[in-house]
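Down below is the structure, laid out as structure tokens.
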Protein chains: 2
Amino acid sequence: MTKYKSLLLREKEEELQNDLLIRTIKGDKTSRRPVWLMRQAGRILPQYRAVRATTGGFKDLLKNPALACEVTIQPVDELGVDAAIIFSDILAICEAMNLTYDMVPTKGPVFPKVITSRADVEQLRVADGVDDIGYTIEAIKLTKQALNGRVPLIGFSGCPWTLFSYMIEGQGSKTFSKAKKMLYAQPEVSHLLLQKITDSIINYVKAQIEAGVNVVQLFDSWAGVLTPSQYNTFAFSYTKQICDALQDSGVPITVFAKGAYHALTKLSDLNCDTIGLDWTIPRAYARGIIGNKKAVQGNLDPCFLYADRAAIKQETIKMINDFGNGRHIVNLGHGVYPDTPLDNVKCFVDTVKNYEIKYS
Amino acid sequence: MTKYKSLLLREKEEELQNDLLIRTIKGDKTSRRPVWLMRQAGRILPQYRAVRATTGGFKDLLKNPALACEVTIQPVDELGVDAAIIFSDILAICEAMNLTYDMVPTKGPVFPKVITSRADVEQLRVADGVDDIGYTIEAIKLTKQALNGRVPLIGFSGCPWTLFSYMIEGQGSKTFSKAKKMLYAQPEVSHLLLQKITDSIINYVKAQIEAGVNVVQLFDSWAGVLTPSQYNTFAFSYTKQICDALQDSGVPITVFAKGAYHALTKLSDLNCDTIGLDWTIPRAYARGIIGNKKAVQGNLDPCFLYADRAAIKQETIKMINDFGNGRHIVNLGHGVYPDTPLDNVKCFVDTVKNYEIKYS
């Protein structure tokens with residue numbers, strides 16, 4: 001329980017006004033569930049679009065700590081969520097390792113050069129975190145000051161396999177067959193790259209924690225394209241390294257391995273505090289495996305926020321009840337889609353905030 | 001057992017020279033596993049690329065029964081697989097319902113007009129199968145003659161949810177959020193469209209059976225983007241209608257609901273004979289649920305065929321053993337990728353054909 005001692009200390013030092021997220025992770029029987037949304041600092045908010053319009057685009061915004069701070073806090077003001085998540089990009093770490101990318105409108109990230117060989121991997125550096133992604137570290141510091149304890153701030157990183165995928169594919173993919181080909185055809189080179197990414201992530205997350213984040217979430221967005229065996233060898237084992245390296249940090253860790261339903265038992269034994277669940281996972285099944293060993297986070301289908309508000313309210317309450325009395329952080333099962341009506345997002349958040357938990 | 005009686009009759013009438021697939025489905029303890037590959041009639045074969053180069057493109061080939069027959073048989077000649085699958089396109093049925101599409105090189109199918117409203121759905125017709133997709137029905141008849149009983153011929157259709165997705169999205173998608181939005185925002189219109197598609201599929205598959213296919217496979221390629229509850233309401237229930245409508249046809253049905261791991265128990269109770277499994281499903285888990293109630297089909301990761309041949313051989317044998325003594329049709333867990341080395345595909349097929357099953 002060393003971890004939670006240091007967590008309590010950090011919390012006390014800060015005097016968080018809304019500590020619902022932290023207390024839920026710790027296992028307190030809170031009277032309602034905490035709620036936030038993946039991608040809440042983004043295009044669903046007109047305020048975000050206004051700030052972004054003043055910049056040269058996504059990457060300009062990303063690298064401007066004052067503006068990143070501003071858009072991080074917008075959903076706390078506008079939606080009343082119980083946590084802020086720092087505005088950044090999982091691919092920032094690729095650039096810090098010497099592999100640059102462009103954010104192409106309507107297409108997403110595109111890497112002009114990709115990794116194809118051992119020589120390519122050897123030319124990459126291990127990111128040191130503080131200096132290499134200084135803009136996000138600075139944004140975290142500014143946000144902590146600006147939030148002044150209103151809600152906890154969540155830091156994050158992509159997981160090694162997901163970053164590896166982008167570094168090989170050079171962009172998004174339906175099948176990730178190039179990245180998977182690398183695993184099957186060049187397993188040693190793959191491990192070399194995954195280890196370099198892992199070491200970079202550990203440095204980066206430690207820098208985020210040093211700068212003041214209260215929770216860290218690790219996103220393995222492409223976990224679901226791997227076989228159970230390949231997920232274990234090339235993804236889970238590296239995520240485990242990160243969790244192990246951070247276990248004495250005093251900051252709770254959330255692992256969200258999207259699509260890795262088959263690995264839930266192993267995930268529930270990680271040195272982490274919360275397991276993120278995508279919308280395809282049956283709730284009773286997940287709770288049955290995870291029990292109350294960890295908090296769960298999720299998992300409303302982001303597309304449900306296209307329904308009418310009566311249906312959103314009903315389904316949100318159903319989700320809370322489905323997860324039962326154990327620890328639960330309400331979220332979607334994936335990032336909120338940019339064209340989601342704002343009033344529907346508010347309906348989702350307000351439903352959670354108005355729904356009292358009765359403990360049996 | 002009426003079904004298998006009529007199946008035996010059809011088989012006997014035809015005197016299939018290689019009836020391994022049919023005997024496996026029926027539950028015979030065959031001395032080796034049958035093997036074929038999803039998308040085997042396609043770009044992996046130089047012979048296919050040569051035929052296609054003589055046409056105006058994919059859709060020209062699709063609509064030319066003589067050429068469709070030719071490319072259907074190519075993998076039987078070149079790879080020595082235990083079944084042919086008719087060269088067609090799951091989207092042919094959309095066109096038969098009055099919604100045309102173009103096959104755009106490097107992009108895939110694109111529908112100039114998509115379904116957005118009840119009025120759009122009402123303008124669609126229920127395809128009658130024989131006339132509306134006559135080119136594929138004709139290709140089936142030609143192929144049956146040309147095969148002359150060498151191996152069974154598999155017919156196929158997309159499942160209603162997958163065809164619905166394309167008709168709403170107008171093209172492939174990473175999230176299928178437009179199609180899912182339709183389910184959540186306009187459930188009644190969604191059911192109306194799904195029923196029209198289902199009725200069309202039943203007509204179409206019956207026409208395929210009439211024309212002589214020995215097995216029918218139903219592909220629900222996008223099952224995995226739905227929540228368990230939505231899958232049940234908007235996908236499974238319609239697939240079930242199709243299976244029920246075909247149960248007296250005398251032809252075994254395979255259902256491949258990619259990504260619907262959570263529905264395996266329900267799938268194993270369908271009026272069908274074989275369950276296709278994608279590569280993310282743990283084999284012991286699947287066999288544990290399905291038992292020997294159905295044959296299983298799959299599930300090597302298509303990317304494994306990028307590995308070296310010793311690894312392909314080892315993993316293929318491991319897969320066969322993982323599925324145990326129950327009924328198993330060897331295949332990949334998804335369609336073979338176009339850039340797979342042909343020698344690796346042959347290694348996969350030959351490994352299966354040379355591996356004797358010992359029954360305990």
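To be explicit about the labels: the chains of the structure tokens are called A, B, and onward in the order shown, and within each one the residues are counted from 1, while ligands get numbers from 1 in the order they are shown.
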
query: Counting only C-alpha atoms, which residues from chain B have an atom at most 10 Å from any atom of chain A, and could you show them as a count of residues only?
result: 52

- request: Just list the residues in range 133-286 of chain B DSSP gives strand (DSSP E) on the backbone, as number ranges by chain.
  value: B: 153-158, 215-220, 253-257, 274-276

Within 10 Å of Met38 in chain A using only C-alpha atoms, minus same-chain residues under 3 positions, as number ranges by chain: A: 41-42, 84-85, 298, 302, 331-337

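Look at Lys240 in chain A: the protein and nucleic acid residues within 7 Å of it, using only C-alpha atoms and passing over chain neighbours fewer than 4 places away, are Phe236, Asp244 and Leu270 of chain A.
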
Let's have the selection written as a PDB file, in the first residue's frame, with N, CA and C atoms.
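Contents of the output file result-v6.pdb:
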```pdb
ATOM      1  N   PHE A 236       1.738  -7.126 -24.689  1.00  0.00           N
ATOM      2  CA  PHE A 236       1.534  -7.201 -23.243  1.00  0.00           C
ATOM      3  C   PHE A 236       2.845  -7.133 -22.473  1.00  0.00           C
ATOM      4  N   ASP A 244       5.488  -2.052 -14.408  1.00  0.00           N
ATOM      5  CA  ASP A 244       6.434  -2.421 -13.353  1.00  0.00           C
ATOM      6  C   ASP A 244       7.366  -1.253 -13.033  1.00  0.00           C
ATOM      7  N   LEU A 270      -1.767  -7.107 -13.885  1.00  0.00           N
ATOM      8  CA  LEU A 270      -0.704  -6.103 -14.081  1.00  0.00           C
ATOM      9  C   LEU A 270      -0.545  -5.229 -12.839  1.00  0.00           C
TER      10      LEU A 270
END
```

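The gap separating CA of Asp132 in chain A from CA of Cys69 in chain A is 18.3 Å, in Å to one decimal.
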
field: Counting only C-alpha atoms, the residue of A:Lys196, A:Asp102, A:Lys293, A:Ile154 that sits nearest Gly57 in chain A
entry: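 Distance minimum relative to Gly57 in chain A lands on A:Asp102.
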
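Residues of range 262-323 of chain A that DSSP, applied to the backbone, places in alpha helix (DSSP H): Leu264, Thr265, Lys266, Leu267, Arg283, Ala284, Tyr285, Ala286, Arg287, Gly288, Ile289, Ile290, Arg309, Ala310, Ala311, Ile312, Lys313, Gln314, Glu315, Thr316, Ile317, Lys318, Met319, Ile320, Asn321 and Asp322 of chain A.
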
Would you output that residue set with C-alpha atoms, as a CSV table (one decimal), in the first residue's frame?
```csv
chain,number,residue,atom,x,y,z
A,264,LEU,CA,-8.3,-9.7,-19.6
A,265,THR,CA,-7.1,-12.2,-17.1
A,266,LYS,CA,-3.5,-11.2,-17.6
A,267,LEU,CA,-4.3,-7.5,-17.7
A,283,ARG,CA,-19.7,-6.1,-18.7
A,284,ALA,CA,-20.6,-9.0,-16.6
A,285,TYR,CA,-17.8,-11.0,-18.3
A,286,ALA,CA,-15.2,-8.3,-17.6
A,287,ARG,CA,-16.3,-7.8,-14.0
A,288,GLY,CA,-16.3,-11.6,-13.5
A,289,ILE,CA,-12.6,-11.7,-14.5
A,290,ILE,CA,-11.4,-8.5,-13.0
A,309,ARG,CA,-31.3,11.7,-25.1
A,310,ALA,CA,-33.9,9.5,-23.4
A,311,ALA,CA,-32.0,6.5,-24.8
A,312,ILE,CA,-28.6,7.9,-23.8
A,313,LYS,CA,-29.8,8.4,-20.2
A,314,GLN,CA,-31.3,4.9,-20.0
A,315,GLU,CA,-28.3,3.2,-21.5
A,316,THR,CA,-25.8,5.1,-19.3
A,317,ILE,CA,-27.7,4.1,-16.2
A,318,LYS,CA,-27.9,0.5,-17.5
A,319,MET,CA,-24.1,0.5,-18.0
A,320,ILE,CA,-23.5,1.8,-14.4
A,321,ASN,CA,-25.7,-1.0,-13.0
A,322,ASP,CA,-24.2,-3.6,-15.3
```

message: as a PyMOL selection string, please: the residues near Lys29 in chain B (cut-off 9 Å, only C-alpha atoms, same-chain neighbours under 2 positions excluded).
response: chain B and resi 23-24+27+31-32+325-327+357+359

Preceding selection exported with N, CA and C atoms as a compact mmCIF listing (two decimals), in the first residue's frame:
```
# COMPACT_ATOMS: atom_id res chain seq x y z
N ARG B 23 -17.23 -34.39 -45.92
CA ARG B 23 -17.16 -35.43 -44.89
C ARG B 23 -16.75 -34.86 -43.53
N THR B 24 -15.89 -33.86 -43.57
CA THR B 24 -15.50 -33.21 -42.31
C THR B 24 -16.71 -32.52 -41.68
N GLY B 27 -18.90 -34.86 -40.00
CA GLY B 27 -18.40 -35.45 -38.77
C GLY B 27 -17.60 -36.72 -38.97
N SER B 31 -8.73 -38.60 -42.37
CA SER B 31 -7.33 -38.84 -42.00
C SER B 31 -6.49 -37.55 -42.04
N ARG B 32 -6.99 -36.55 -42.75
CA ARG B 32 -6.35 -35.23 -42.67
C ARG B 32 -7.43 -34.16 -42.74
N ASN B 325 -9.45 -32.94 -31.69
CA ASN B 325 -9.99 -34.00 -32.55
C ASN B 325 -11.34 -33.68 -33.17
N GLY B 326 -11.97 -32.60 -32.75
CA GLY B 326 -13.28 -32.23 -33.30
C GLY B 326 -13.17 -31.81 -34.76
N ARG B 327 -14.34 -31.60 -35.37
CA ARG B 327 -14.40 -31.22 -36.79
C ARG B 327 -13.71 -29.89 -37.03
N ILE B 357 -4.04 -36.83 -39.08
CA ILE B 357 -4.72 -36.66 -37.80
C ILE B 357 -4.78 -38.01 -37.09
N TYR B 359 -6.57 -39.88 -34.13
CA TYR B 359 -7.72 -39.73 -33.22
C TYR B 359 -7.47 -40.52 -31.95
```
